[in-house]
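Colleague: Below you'll find structure.cif; it's mmCIF, C-alpha atoms and all ligand atoms.
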```
data_coords
#
loop_
_atom_site.label_atom_id
_atom_site.label_comp_id
_atom_site.auth_asym_id
_atom_site.auth_seq_id
_atom_site.Cartn_x
_atom_site.Cartn_y
_atom_site.Cartn_z
CA MET A 1 -49.85 -50.50 0.28
CA ARG A 2 -46.84 -50.43 2.56
CA THR A 3 -43.58 -52.39 2.74
CA GLN A 4 -40.05 -51.93 4.02
CA VAL A 5 -38.29 -52.16 0.61
CA GLY A 6 -40.09 -51.34 -2.65
CA ILE A 7 -38.32 -53.11 -5.54
CA ILE A 8 -38.80 -52.02 -9.16
CA GLY A 9 -38.06 -54.84 -11.62
CA ALA A 10 -38.38 -58.64 -11.53
CA GLY A 11 -35.12 -59.53 -13.23
CA PRO A 12 -32.28 -61.36 -11.46
CA ALA A 13 -31.47 -58.29 -9.31
CA GLY A 14 -34.98 -57.50 -8.13
CA LEU A 15 -36.08 -61.07 -7.51
CA LEU A 16 -32.90 -62.12 -5.72
CA LEU A 17 -32.98 -59.01 -3.54
CA SER A 18 -36.57 -59.75 -2.55
CA HIS A 19 -35.68 -63.37 -1.81
CA ILE A 20 -32.65 -62.59 0.37
CA LEU A 21 -34.48 -59.80 2.24
CA HIS A 22 -37.31 -62.23 2.99
CA LEU A 23 -34.83 -64.72 4.45
CA ARG A 24 -33.44 -61.90 6.61
CA GLY A 25 -36.96 -61.02 7.83
CA ILE A 26 -37.31 -57.87 5.74
CA ASP A 27 -40.54 -57.30 3.82
CA SER A 28 -40.51 -56.20 0.18
CA VAL A 29 -42.83 -55.81 -2.79
CA VAL A 30 -41.62 -56.33 -6.38
CA LEU A 31 -43.23 -54.26 -9.14
CA GLU A 32 -42.71 -55.61 -12.68
CA LYS A 33 -44.02 -54.05 -15.89
CA ARG A 34 -44.13 -57.28 -17.97
CA ASP A 35 -46.08 -60.45 -17.28
CA ARG A 36 -44.66 -63.55 -15.59
CA THR A 37 -44.51 -65.61 -18.80
CA TYR A 38 -42.44 -62.95 -20.57
CA VAL A 39 -40.06 -62.53 -17.66
CA GLU A 40 -39.53 -66.30 -17.34
CA SER A 41 -38.97 -66.85 -21.07
CA ARG A 42 -36.53 -64.03 -21.88
CA VAL A 43 -33.32 -65.65 -23.23
CA ARG A 44 -30.32 -63.75 -21.90
CA ALA A 45 -27.22 -64.67 -19.94
CA GLY A 46 -25.87 -68.18 -19.75
CA VAL A 47 -22.75 -68.25 -17.58
CA LEU A 48 -22.66 -68.10 -13.76
CA GLU A 49 -19.43 -67.35 -11.91
CA GLN A 50 -18.45 -69.63 -9.04
CA GLY A 51 -19.32 -66.89 -6.53
CA THR A 52 -22.78 -66.51 -8.04
CA VAL A 53 -23.44 -70.25 -7.79
CA ASN A 54 -22.22 -70.30 -4.18
CA LEU A 55 -24.45 -67.37 -3.25
CA LEU A 56 -27.56 -68.81 -4.91
CA ALA A 57 -26.93 -72.16 -3.17
CA GLU A 58 -26.35 -70.39 0.19
CA PHE A 59 -29.82 -68.86 -0.08
CA GLY A 60 -31.59 -72.12 -0.95
CA LEU A 61 -31.63 -71.72 -4.74
CA GLY A 62 -29.06 -74.38 -5.59
CA GLU A 63 -31.07 -77.58 -5.90
CA ARG A 64 -32.02 -77.45 -9.63
CA LEU A 65 -29.01 -75.26 -10.48
CA LEU A 66 -26.52 -77.83 -9.14
CA ARG A 67 -28.50 -80.70 -10.71
CA GLU A 68 -29.05 -79.25 -14.17
CA GLY A 69 -26.29 -76.64 -14.46
CA LEU A 70 -23.31 -77.64 -16.62
CA GLN A 71 -20.01 -77.37 -14.71
CA HIS A 72 -17.27 -76.13 -17.01
CA HIS A 73 -13.54 -76.11 -16.27
CA GLY A 74 -12.29 -74.11 -19.20
CA ILE A 75 -13.09 -72.18 -22.37
CA GLU A 76 -11.53 -72.35 -25.83
CA ILE A 77 -10.33 -69.35 -27.81
CA ARG A 78 -9.85 -69.73 -31.57
CA PHE A 79 -7.92 -67.39 -33.83
CA GLY A 80 -5.87 -67.69 -37.04
CA ALA A 81 -6.65 -71.42 -37.42
CA ARG A 82 -5.22 -71.93 -33.92
CA SER A 83 -6.98 -72.95 -30.73
CA HIS A 84 -6.05 -72.21 -27.13
CA ARG A 85 -7.81 -73.65 -24.09
CA ILE A 86 -7.96 -71.56 -20.92
CA ASP A 87 -7.74 -74.26 -18.25
CA PHE A 88 -9.57 -72.93 -15.18
CA ASP A 89 -8.49 -75.83 -12.91
CA GLU A 90 -4.81 -75.31 -13.67
CA LEU A 91 -4.95 -71.49 -13.66
CA THR A 92 -7.37 -70.67 -10.82
CA GLY A 93 -6.86 -73.52 -8.38
CA GLY A 94 -10.08 -75.32 -9.32
CA LYS A 95 -12.65 -72.53 -9.69
CA GLY A 96 -14.99 -72.94 -12.65
CA ILE A 97 -18.19 -71.65 -14.19
CA THR A 98 -21.68 -73.08 -14.45
CA VAL A 99 -23.70 -72.84 -17.64
CA TYR A 100 -27.34 -72.32 -16.58
CA GLY A 101 -29.65 -70.01 -18.50
CA GLN A 102 -30.74 -66.75 -16.87
CA GLN A 103 -34.35 -67.70 -17.48
CA GLU A 104 -33.83 -70.79 -15.30
CA VAL A 105 -32.52 -68.57 -12.47
CA ILE A 106 -35.60 -66.38 -12.91
CA LYS A 107 -37.95 -69.39 -12.75
CA ASP A 108 -36.24 -70.62 -9.57
CA LEU A 109 -36.48 -67.16 -7.98
CA ILE A 110 -40.13 -66.62 -8.86
CA ALA A 111 -41.01 -70.12 -7.56
CA ALA A 112 -39.19 -69.39 -4.29
CA ARG A 113 -40.89 -66.01 -3.83
CA LEU A 114 -44.36 -67.38 -4.55
CA ALA A 115 -43.76 -70.36 -2.23
CA ALA A 116 -43.02 -67.83 0.52
CA ASN A 117 -46.12 -65.78 -0.40
CA GLY A 118 -43.88 -63.00 -1.69
CA ARG A 119 -45.68 -60.00 -3.18
CA LEU A 120 -44.77 -59.89 -6.90
CA LEU A 121 -46.99 -57.52 -8.91
CA PHE A 122 -46.71 -58.13 -12.67
CA ASN A 123 -48.10 -55.98 -15.49
CA VAL A 124 -47.77 -52.71 -13.60
CA ASP A 125 -47.64 -49.45 -15.55
CA GLU A 126 -46.55 -45.85 -15.13
CA VAL A 127 -44.15 -46.59 -12.27
CA ARG A 128 -42.82 -43.43 -10.66
CA VAL A 129 -40.29 -42.98 -7.84
CA CYS A 130 -41.52 -40.32 -5.39
CA GLU A 131 -39.65 -38.38 -2.71
CA PRO A 132 -36.45 -40.50 -2.66
CA LEU A 133 -34.73 -37.87 -0.49
CA SER A 134 -37.41 -37.98 2.19
CA GLU A 135 -37.74 -40.49 5.02
CA ASN A 136 -41.04 -41.62 3.50
CA PRO A 137 -40.39 -42.38 -0.15
CA CYS A 138 -43.05 -44.08 -2.19
CA ILE A 139 -43.64 -45.63 -5.60
CA ARG A 140 -46.71 -44.66 -7.59
CA PHE A 141 -47.94 -46.98 -10.35
CA ARG A 142 -51.00 -48.23 -12.19
CA SER A 143 -52.23 -51.77 -11.82
CA GLY A 144 -55.19 -52.66 -14.01
CA ASP A 145 -57.36 -49.53 -13.97
CA GLU A 146 -56.22 -48.47 -10.52
CA ASP A 147 -53.74 -45.82 -9.49
CA ARG A 148 -51.74 -47.34 -6.64
CA ARG A 149 -49.19 -46.09 -4.11
CA LEU A 150 -46.54 -48.20 -2.34
CA ASP A 151 -45.13 -46.54 0.77
CA CYS A 152 -41.72 -47.86 1.79
CA ASP A 153 -38.57 -47.12 3.76
CA PHE A 154 -36.25 -47.76 0.81
CA ILE A 155 -36.63 -48.15 -2.96
CA ALA A 156 -34.41 -50.58 -4.91
CA GLY A 157 -34.12 -49.62 -8.59
CA CYS A 158 -33.64 -53.03 -10.25
CA ASP A 159 -35.41 -52.12 -13.50
CA GLY A 160 -32.57 -52.52 -15.95
CA PHE A 161 -30.95 -50.08 -18.34
CA HIS A 162 -34.22 -48.79 -19.78
CA GLY A 163 -36.03 -48.53 -16.45
CA VAL A 164 -37.28 -45.43 -14.60
CA SER A 165 -35.17 -45.60 -11.43
CA ARG A 166 -31.94 -44.07 -12.73
CA GLU A 167 -33.98 -41.51 -14.64
CA SER A 168 -35.61 -40.51 -11.33
CA ILE A 169 -32.32 -39.05 -10.13
CA PRO A 170 -31.87 -35.40 -11.17
CA ALA A 171 -29.33 -35.07 -14.00
CA GLU A 172 -27.17 -32.76 -11.92
CA ALA A 173 -26.84 -35.45 -9.26
CA VAL A 174 -25.81 -38.24 -11.64
CA THR A 175 -22.30 -39.25 -12.81
CA CYS A 176 -22.36 -41.66 -15.77
CA PHE A 177 -19.84 -43.11 -18.25
CA ASP A 178 -20.89 -44.59 -21.59
CA ARG A 179 -19.23 -46.32 -24.54
CA THR A 180 -21.16 -47.77 -27.47
CA TYR A 181 -19.48 -50.41 -29.66
CA PRO A 182 -19.74 -50.37 -33.48
CA PHE A 183 -21.34 -53.82 -33.60
CA ALA A 184 -24.10 -55.89 -31.98
CA TRP A 185 -24.51 -59.59 -31.18
CA LEU A 186 -27.01 -61.74 -33.02
CA GLY A 187 -27.88 -64.70 -30.76
CA ILE A 188 -29.71 -67.92 -31.61
CA LEU A 189 -31.01 -70.71 -29.42
CA VAL A 190 -30.69 -74.00 -31.34
CA ASP A 191 -32.48 -77.31 -30.93
CA ALA A 192 -29.26 -79.31 -31.32
CA PRO A 193 -26.62 -80.72 -28.96
CA PRO A 194 -23.53 -78.53 -28.49
CA SER A 195 -20.65 -79.30 -30.86
CA SER A 196 -18.12 -78.81 -28.07
CA GLY A 197 -17.98 -79.65 -24.38
CA GLU A 198 -16.94 -76.08 -23.56
CA LEU A 199 -17.58 -72.55 -24.84
CA ILE A 200 -15.66 -71.52 -27.96
CA TYR A 201 -14.86 -67.83 -28.54
CA ALA A 202 -13.57 -67.09 -32.07
CA ASN A 203 -11.75 -64.09 -33.50
CA SER A 204 -12.00 -64.71 -37.25
CA PRO A 205 -11.20 -62.46 -40.26
CA ASP A 206 -14.97 -62.16 -40.77
CA GLY A 207 -15.67 -61.19 -37.19
CA PHE A 208 -16.52 -62.61 -33.77
CA ALA A 209 -18.48 -65.80 -33.07
CA LEU A 210 -19.29 -67.71 -29.88
CA HIS A 211 -20.47 -71.26 -29.50
CA SER A 212 -22.22 -71.81 -26.16
CA MET A 213 -24.96 -74.03 -24.85
CA ARG A 214 -27.89 -74.33 -22.43
CA SER A 215 -28.13 -78.12 -21.95
CA PRO A 216 -26.86 -81.37 -23.58
CA ALA A 217 -29.65 -80.88 -26.14
CA VAL A 218 -29.70 -77.10 -26.70
CA SER A 219 -26.95 -74.88 -28.12
CA ARG A 220 -26.58 -71.11 -27.96
CA ASN A 221 -24.59 -69.36 -30.71
CA TYR A 222 -23.68 -65.73 -31.32
CA ILE A 223 -22.08 -63.73 -34.13
CA GLN A 224 -21.17 -60.07 -34.24
CA CYS A 225 -23.24 -58.09 -36.75
CA PRO A 226 -23.58 -54.40 -37.75
CA PRO A 227 -25.33 -52.49 -34.93
CA GLN A 228 -28.19 -51.32 -37.13
CA ASP A 229 -29.07 -54.83 -38.38
CA ARG A 230 -32.51 -56.28 -37.72
CA ILE A 231 -33.53 -59.91 -37.37
CA GLU A 232 -35.16 -59.73 -40.82
CA ASP A 233 -31.69 -59.10 -42.31
CA TRP A 234 -30.54 -62.50 -41.05
CA PRO A 235 -32.41 -65.51 -42.48
CA ASP A 236 -31.33 -68.84 -40.98
CA GLU A 237 -29.11 -69.74 -43.95
CA ARG A 238 -27.12 -66.52 -43.61
CA ILE A 239 -26.63 -67.08 -39.87
CA TRP A 240 -25.38 -70.64 -40.34
CA GLU A 241 -23.05 -69.60 -43.15
CA ALA A 242 -21.48 -66.94 -40.89
CA LEU A 243 -21.19 -69.33 -37.93
CA HIS A 244 -19.52 -72.07 -40.00
CA LYS A 245 -17.10 -69.60 -41.56
CA ARG A 246 -16.12 -67.97 -38.27
CA LEU A 247 -15.96 -71.04 -36.00
CA GLU A 248 -14.72 -73.85 -38.29
CA MET A 249 -11.06 -72.88 -38.43
CA LEU A 250 -9.69 -76.24 -37.17
CA PRO A 251 -9.45 -79.29 -39.43
CA GLY A 252 -12.08 -81.89 -38.62
CA TRP A 253 -14.22 -79.76 -36.34
CA THR A 254 -17.71 -78.84 -37.61
CA LEU A 255 -20.59 -76.96 -36.02
CA GLY A 256 -23.83 -78.92 -35.82
CA GLU A 257 -26.98 -77.21 -37.06
CA GLY A 258 -30.56 -77.53 -35.83
CA GLY A 259 -33.88 -75.78 -35.63
CA ILE A 260 -33.56 -72.18 -34.45
CA LEU A 261 -35.81 -71.72 -31.42
CA GLU A 262 -35.13 -68.04 -30.79
CA LYS A 263 -33.28 -65.15 -32.45
CA SER A 264 -32.32 -61.81 -30.94
CA ILE A 265 -29.98 -58.90 -31.61
CA THR A 266 -28.37 -57.19 -28.61
CA PRO A 267 -26.59 -53.84 -28.89
CA MET A 268 -23.18 -53.64 -27.23
CA ARG A 269 -22.31 -50.96 -24.76
CA SER A 270 -20.31 -50.29 -21.59
CA PHE A 271 -22.16 -48.03 -19.19
CA VAL A 272 -21.62 -47.11 -15.55
CA CYS A 273 -23.77 -44.82 -13.40
CA GLU A 274 -21.59 -44.13 -10.36
CA THR A 275 -24.56 -42.66 -8.51
CA MET A 276 -25.88 -45.94 -7.12
CA ARG A 277 -27.56 -44.26 -4.15
CA TYR A 278 -29.77 -41.17 -4.08
CA GLY A 279 -31.25 -40.74 -0.62
CA ARG A 280 -33.51 -43.75 -0.02
CA LEU A 281 -33.22 -44.90 -3.69
CA LEU A 282 -30.57 -47.58 -4.34
CA LEU A 283 -29.71 -48.82 -7.86
CA ALA A 284 -28.63 -52.42 -8.53
CA GLY A 285 -27.82 -54.42 -11.68
CA ASP A 286 -28.34 -53.14 -15.20
CA ALA A 287 -30.12 -50.05 -13.82
CA ALA A 288 -26.63 -48.92 -12.77
CA HIS A 289 -24.28 -50.58 -15.28
CA ILE A 290 -24.15 -52.42 -18.58
CA VAL A 291 -21.30 -54.53 -19.95
CA PRO A 292 -20.88 -56.12 -23.40
CA PRO A 293 -21.71 -59.84 -22.91
CA THR A 294 -18.28 -60.97 -24.19
CA GLY A 295 -17.05 -61.53 -20.65
CA ALA A 296 -20.33 -63.15 -19.45
CA LYS A 297 -20.49 -60.62 -16.59
CA GLY A 298 -23.88 -58.89 -16.81
CA MET A 299 -25.98 -61.08 -14.60
CA ASN A 300 -23.08 -61.94 -12.29
CA LEU A 301 -22.53 -58.25 -11.64
CA ALA A 302 -26.22 -57.76 -10.87
CA ILE A 303 -26.02 -60.56 -8.30
CA SER A 304 -22.86 -59.10 -6.79
CA ASP A 305 -24.68 -55.76 -6.28
CA VAL A 306 -27.59 -57.55 -4.61
CA ASP A 307 -25.26 -59.38 -2.24
CA MET A 308 -23.91 -56.01 -1.04
CA LEU A 309 -27.26 -54.22 -1.02
CA SER A 310 -29.01 -56.97 0.96
CA ARG A 311 -26.21 -56.89 3.59
CA ALA A 312 -26.48 -53.10 3.83
CA LEU A 313 -30.26 -53.18 4.28
CA ALA A 314 -30.02 -56.02 6.81
CA GLU A 315 -27.49 -54.02 8.88
CA ARG A 316 -29.80 -50.99 8.76
CA TYR A 317 -32.84 -52.94 9.98
CA GLU A 318 -30.96 -55.07 12.51
CA ASN A 319 -28.97 -52.36 14.30
CA GLY A 320 -29.92 -49.03 12.75
CA SER A 321 -26.49 -48.44 11.25
CA GLU A 322 -26.27 -46.98 7.74
CA ASP A 323 -22.51 -47.56 7.39
CA LEU A 324 -22.90 -50.25 4.71
CA LEU A 325 -25.63 -48.26 2.95
CA ASN A 326 -23.31 -45.23 2.84
CA ALA A 327 -20.49 -47.44 1.52
CA TYR A 328 -22.74 -49.27 -0.97
CA PRO A 329 -21.77 -47.30 -4.12
CA GLU A 330 -18.04 -47.46 -3.37
CA ASN A 331 -18.15 -51.17 -2.50
CA CYS A 332 -20.09 -51.98 -5.70
CA LEU A 333 -18.10 -49.78 -8.03
CA ARG A 334 -14.80 -51.58 -7.30
CA GLN A 335 -16.41 -54.80 -8.61
CA VAL A 336 -18.24 -52.96 -11.37
CA TRP A 337 -15.17 -51.30 -12.88
CA ARG A 338 -13.13 -54.53 -12.72
CA ARG A 339 -15.81 -56.35 -14.71
CA VAL A 340 -16.40 -53.38 -17.02
CA HIS A 341 -12.67 -53.38 -17.85
CA PHE A 342 -12.57 -57.16 -18.38
CA SER A 343 -15.66 -57.11 -20.61
CA TRP A 344 -14.24 -54.21 -22.63
CA HIS A 345 -10.90 -56.04 -22.96
CA MET A 346 -12.47 -59.32 -24.13
CA THR A 347 -14.62 -57.35 -26.59
CA SER A 348 -11.65 -55.39 -27.94
CA LEU A 349 -9.57 -58.56 -28.30
CA LEU A 350 -12.12 -60.72 -30.11
CA HIS A 351 -14.17 -58.49 -32.41
CA LYS A 352 -13.52 -57.06 -35.86
CA PHE A 353 -13.91 -53.29 -35.62
CA PRO A 354 -15.21 -51.49 -38.72
CA GLY A 355 -12.29 -49.72 -40.41
CA GLN A 356 -9.82 -51.73 -38.35
CA SER A 357 -6.33 -51.25 -39.79
CA GLU A 358 -4.00 -54.15 -40.54
CA PHE A 359 -1.79 -52.80 -37.76
CA GLU A 360 -4.70 -53.06 -35.25
CA ARG A 361 -5.51 -56.58 -36.46
CA ARG A 362 -1.92 -57.63 -35.87
CA LEU A 363 -2.05 -56.19 -32.38
CA GLN A 364 -5.06 -58.42 -31.68
CA LEU A 365 -3.30 -61.49 -33.09
CA ALA A 366 -0.13 -60.69 -31.15
CA GLU A 367 -2.08 -60.53 -27.89
CA LEU A 368 -3.92 -63.76 -28.70
CA GLU A 369 -0.58 -65.45 -29.46
CA TYR A 370 0.80 -64.12 -26.15
CA LEU A 371 -2.26 -65.58 -24.40
CA ARG A 372 -1.49 -68.93 -26.04
CA LYS A 373 2.16 -68.90 -25.01
CA SER A 374 2.00 -67.29 -21.56
CA PRO A 375 0.51 -69.06 -18.51
CA ALA A 376 0.53 -65.68 -16.75
CA ALA A 377 -1.57 -64.07 -19.49
CA SER A 378 -3.97 -67.00 -19.49
CA ALA A 379 -4.19 -66.92 -15.69
CA ALA A 380 -5.17 -63.23 -15.77
CA LEU A 381 -7.99 -63.99 -18.20
CA ALA A 382 -9.05 -67.08 -16.25
CA GLU A 383 -9.31 -65.38 -12.86
CA ASN A 384 -11.43 -62.60 -14.33
CA TYR A 385 -13.64 -65.02 -16.24
CA VAL A 386 -14.46 -67.28 -13.27
CA GLY A 387 -14.83 -64.15 -11.14
CA PHE A 388 -13.06 -63.01 -7.99
CA ALA A 389 -13.95 -60.66 -5.17
CA PHE A 390 -11.29 -58.17 -4.05
P1 LIG B 1 -33.03 -56.95 -16.14
O1 LIG B 1 -32.99 -56.03 -17.30
O2 LIG B 1 -32.77 -58.40 -16.32
O3 LIG B 1 -34.39 -56.82 -15.33
C1 LIG B 1 -35.03 -55.57 -15.19
C2 LIG B 1 -36.52 -55.86 -15.03
O4 LIG B 1 -37.17 -54.61 -14.77
C3 LIG B 1 -37.15 -56.43 -16.30
O5 LIG B 1 -37.92 -57.56 -15.98
C4 LIG B 1 -38.01 -55.29 -16.83
O6 LIG B 1 -39.18 -55.75 -17.47
C5 LIG B 1 -38.35 -54.54 -15.56
N1 LIG B 1 -38.66 -53.12 -15.77
C6 LIG B 1 -38.05 -52.26 -16.62
N2 LIG B 1 -38.61 -51.05 -16.52
C7 LIG B 1 -39.61 -51.14 -15.58
C8 LIG B 1 -40.55 -50.24 -15.04
N3 LIG B 1 -40.58 -48.97 -15.44
N4 LIG B 1 -41.41 -50.68 -14.10
C9 LIG B 1 -41.37 -51.97 -13.67
N5 LIG B 1 -40.51 -52.90 -14.15
C10 LIG B 1 -39.63 -52.47 -15.10
N6 LIG B 1 -25.47 -60.96 -19.72
C11 LIG B 1 -24.59 -61.98 -19.79
O7 LIG B 1 -23.84 -62.19 -18.85
N7 LIG B 1 -24.55 -62.78 -20.93
C12 LIG B 1 -25.40 -62.59 -21.98
O8 LIG B 1 -25.34 -63.30 -22.98
C13 LIG B 1 -26.35 -61.55 -21.92
N8 LIG B 1 -27.25 -61.36 -22.94
C14 LIG B 1 -28.15 -60.33 -22.86
C15 LIG B 1 -29.11 -60.10 -23.87
C16 LIG B 1 -30.02 -59.03 -23.79
C17 LIG B 1 -31.05 -58.81 -24.90
C18 LIG B 1 -29.98 -58.16 -22.69
C19 LIG B 1 -30.92 -56.98 -22.61
C20 LIG B 1 -29.07 -58.39 -21.65
C21 LIG B 1 -28.16 -59.48 -21.74
N9 LIG B 1 -27.23 -59.74 -20.71
C22 LIG B 1 -26.34 -60.75 -20.77
C23 LIG B 1 -27.20 -58.95 -19.55
C24 LIG B 1 -28.30 -59.44 -18.65
O9 LIG B 1 -28.12 -60.78 -18.34
C25 LIG B 1 -28.32 -58.50 -17.48
O10 LIG B 1 -27.02 -58.26 -16.96
C26 LIG B 1 -29.23 -58.98 -16.37
O11 LIG B 1 -30.48 -59.29 -16.92
C27 LIG B 1 -29.28 -57.87 -15.33
O12 LIG B 1 -30.29 -58.16 -14.46
P2 LIG B 1 -31.18 -56.97 -13.84
O13 LIG B 1 -30.29 -55.91 -13.34
O14 LIG B 1 -32.14 -57.64 -12.94
O15 LIG B 1 -31.94 -56.31 -15.08
C1 LIG B 2 -24.38 -67.51 -23.27
O1 LIG B 2 -24.29 -68.75 -23.18
O2 LIG B 2 -25.46 -66.91 -23.47
C2 LIG B 2 -23.14 -66.67 -23.18
C3 LIG B 2 -21.95 -67.28 -22.79
C4 LIG B 2 -20.80 -66.51 -22.70
C5 LIG B 2 -20.86 -65.16 -23.01
C6 LIG B 2 -22.06 -64.56 -23.39
C7 LIG B 2 -23.20 -65.32 -23.49
O3 LIG B 2 -19.72 -64.41 -22.93
#
```
What is this file in structure tokens?

Modeller:
Amino acid sequence: MRTQVGIIGAGPAGLLLSHILHLRGIDSVVLEKRDRTYVESRVRAGVLEQGTVNLLAEFGLGERLLREGLQHHGIEIRFGARSHRIDFDELTGGKGITVYGQQEVIKDLIAARLAANGRLLFNVDEVRVCEPLSENPCIRFRSGDEDRRLDCDFIAGCDGFHGVSRESIPAEAVTCFDRTYPFAWLGILVDAPPSSGELIYANSPDGFALHSMRSPAVSRNYIQCPPQDRIEDWPDERIWEALHKRLEMLPGWTLGEGGILEKSITPMRSFVCETMRYGRLLLAGDAAHIVPPTGAKGMNLAISDVDMLSRALAERYENGSEDLLNAYPENCLRQVWRRVHFSWHMTSLLHKFPGQSEFERRLQLAELEYLRKSPAASAALAENYVGFAF
């Protein structure tokens, strides 16, 4: 097989890159290790920044997103039996967020690629990046019982944190930064209408909780839990007890329950691989960076990388220049580190750290009180949350 850009991974990064390249007349093939059903059903991110929505709409992916996505103009932060609303309209001049599940973005992308006869190969195995420093890199893989080879000009490593792309770069050529948090998030998808019109983040004495949603009929809730916990440690009753205790700190407000449709536990880490280009191999999305989901940045960051990578590849094919390809890591990393810092800050502000001293707890409460009192502090959080390019 041959193509111009070989893409490893059919998550938001890989599929969107393939879609945009197609619209710019550049051929690609997407290699995905899981099957289509799995990829389309994985429950992950839920919040799209304004810039992400604008970009998806610009490339013809806005129809269902703008119809079914929930436009939100603020979030609520609860702490110490107090509540503070971050008003995006007032603080960011009208930018907002859209609540639209990542799996819906994936379905829209796969539908668009298949409608354009895009080459998406699911259920591939043993993917290997070959000769990324040469002018003729290739990807070797198994499909069914066959050993296959995909010759390409460039390889896009969009295979997430546990993929093979980043691991294909020699250790001596890689610069990475990593921080693991002493807690994880337990997430549930609930067959019940949201109990609030906007997201509620809670810093409670028992730990973090988040009330989110996917539609007027489906809620999405999270609680922090010990990092080593497994789903079996959390029967439904225990989850609901923790959610009620951590979220219901205002008189009269209660969290509605419902059937739990899905449960998952996600470890929390901040990770950046600053080597986003190695010869003809380019990394994008979680293959290059991971953020704790507290700031709702993971998928948005992946899409920001793809915007820059697709422009760089288009410049290369249209006029032979590699200026944007050479600048790709630097251009991405400015956005990456801003969102890594914001996600770390939101995580540090809202979670209960094991062994946290009373002094550290009071620092958290003091900052939350400052957020409540200071329009400048709230504006700083708001502009990061809705996303801004710089
Ligand atoms: P992805 O991980 O989405 O996609 C990579 C793809 O590559 C996958 O389909 C994988 O199967 C495939 N792949 C891996 N190895 C391969 C190989 N060797 N060969 C071929 N294919 C391979 N972000 C938020 O903003 N909010 C959240 O609440 C949130 N929750 C999350 C929960 C979980 C469990 C996880 C893992 C992530 C969560 N994220 C969240 C972050 C998430 O949304 C990512 O940022 C987003 O999926 C990144 O997209 P990609 O870079 O495309 O990587
Ligand atoms: C979600 O709805 O899944 C979600 C929302 C906000 C976050 C993380 C996850 O910060």

Colleague: Take atom CA of A:Ser212 and atom CA of A:Gln71 and report the distance between them in Å, one decimal.

Modeller: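 Separating atom CA of A:Ser212 from atom CA of A:Gln71 is a distance of 12.9 Å.
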
Colleague: Residues within 6 Å of ligand LIG 1 (chain B) (only C-alpha atoms and all ligand atoms), as a PyMOL selection string?

Modeller: chain A and resi 8-14+31-34+39+44-46+127+158-160+162-164+266+285-287+293+296-299+302

Colleague: List all protein, DNA and RNA residues that have any atom at most 10 Å from ligand LIG 2 (chain B), counting all atoms listed in the file, and write the list as a PyMOL selection string.

Modeller: chain A and resi 43-48+75+99-102+185+187-189+199-201+210-214+219-222+292-298+343+346-347+385

Colleague: Which is closest to A:Phe88 among A:Tyr38, A:Gly74, A:Gly197, A:Gly157, if we use all atoms listed in the file?

Modeller: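 Using all atoms listed in the file, A:Phe88 sits closest to A:Gly74.
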
Colleague: Could you tell me which of A:Leu21, A:Ala184, A:Leu133, A:Leu66 comes closest to A:Gly118 if we count all atoms listed in the file?

Modeller: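 Closest to A:Gly118 of all the choices is A:Leu21.
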
Colleague: Name the residues in contact with A:Val272 at a cut-off of 12 Å, using all atoms listed in the file, excluding same-chain residues fewer than 4 positions from it; report them as a PyMOL selection string.

Modeller: chain A and resi 161+166+174-180+276+283-292+301+329+332-341

Colleague: Counting only C-alpha atoms, figure out which residue out of A:Glu330, A:Asp307, A:Glu104, A:Glu76 gets nearest to A:Ala209.

Modeller: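 Checking each of A:Glu330, A:Asp307, A:Glu104, A:Glu76 against A:Ala209, counting only C-alpha atoms, the winner is A:Glu76.
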
Colleague: Select all residues near (-11.5, -71.5, -7.5) (cut-off 10 Å, inclusive, file coordinates), counting only C-alpha atoms, and output them as a list in words.

Modeller: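 Residues satisfying the cut-off, written out: Glu49, Gln50, Gly51, Phe88, Asp89, Glu90, Leu91, Thr92, Gly93, Gly94, Lys95, Gly96, Ile97, Glu383, Val386, Gly387 and Phe388 of chain A.
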
Colleague: Got time to write the residues from that selection, C-alpha atoms, as an mmCIF file, in the frame of the given file?

Modeller:
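Okay, this is what ended up in selection.cif:
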```
data_model
loop_
_atom_site.group_PDB
_atom_site.id
_atom_site.type_symbol
_atom_site.label_atom_id
_atom_site.label_comp_id
_atom_site.auth_asym_id
_atom_site.auth_seq_id
_atom_site.Cartn_x
_atom_site.Cartn_y
_atom_site.Cartn_z
ATOM 1 C CA GLU A 49 -19.430 -67.350 -11.910
ATOM 2 C CA GLN A 50 -18.450 -69.630 -9.040
ATOM 3 C CA GLY A 51 -19.320 -66.890 -6.530
ATOM 4 C CA PHE A 88 -9.570 -72.930 -15.180
ATOM 5 C CA ASP A 89 -8.490 -75.830 -12.910
ATOM 6 C CA GLU A 90 -4.810 -75.310 -13.670
ATOM 7 C CA LEU A 91 -4.950 -71.490 -13.660
ATOM 8 C CA THR A 92 -7.370 -70.670 -10.820
ATOM 9 C CA GLY A 93 -6.860 -73.520 -8.380
ATOM 10 C CA GLY A 94 -10.080 -75.320 -9.320
ATOM 11 C CA LYS A 95 -12.650 -72.530 -9.690
ATOM 12 C CA GLY A 96 -14.990 -72.940 -12.650
ATOM 13 C CA ILE A 97 -18.190 -71.650 -14.190
ATOM 14 C CA GLU A 383 -9.310 -65.380 -12.860
ATOM 15 C CA VAL A 386 -14.460 -67.280 -13.270
ATOM 16 C CA GLY A 387 -14.830 -64.150 -11.140
ATOM 17 C CA PHE A 388 -13.060 -63.010 -7.990
#
```

Colleague: Which is closest to A:Leu55 among A:His345, A:Glu315, A:Val306, A:Leu121, if we use all atoms listed in the file?

Modeller: A:Val306
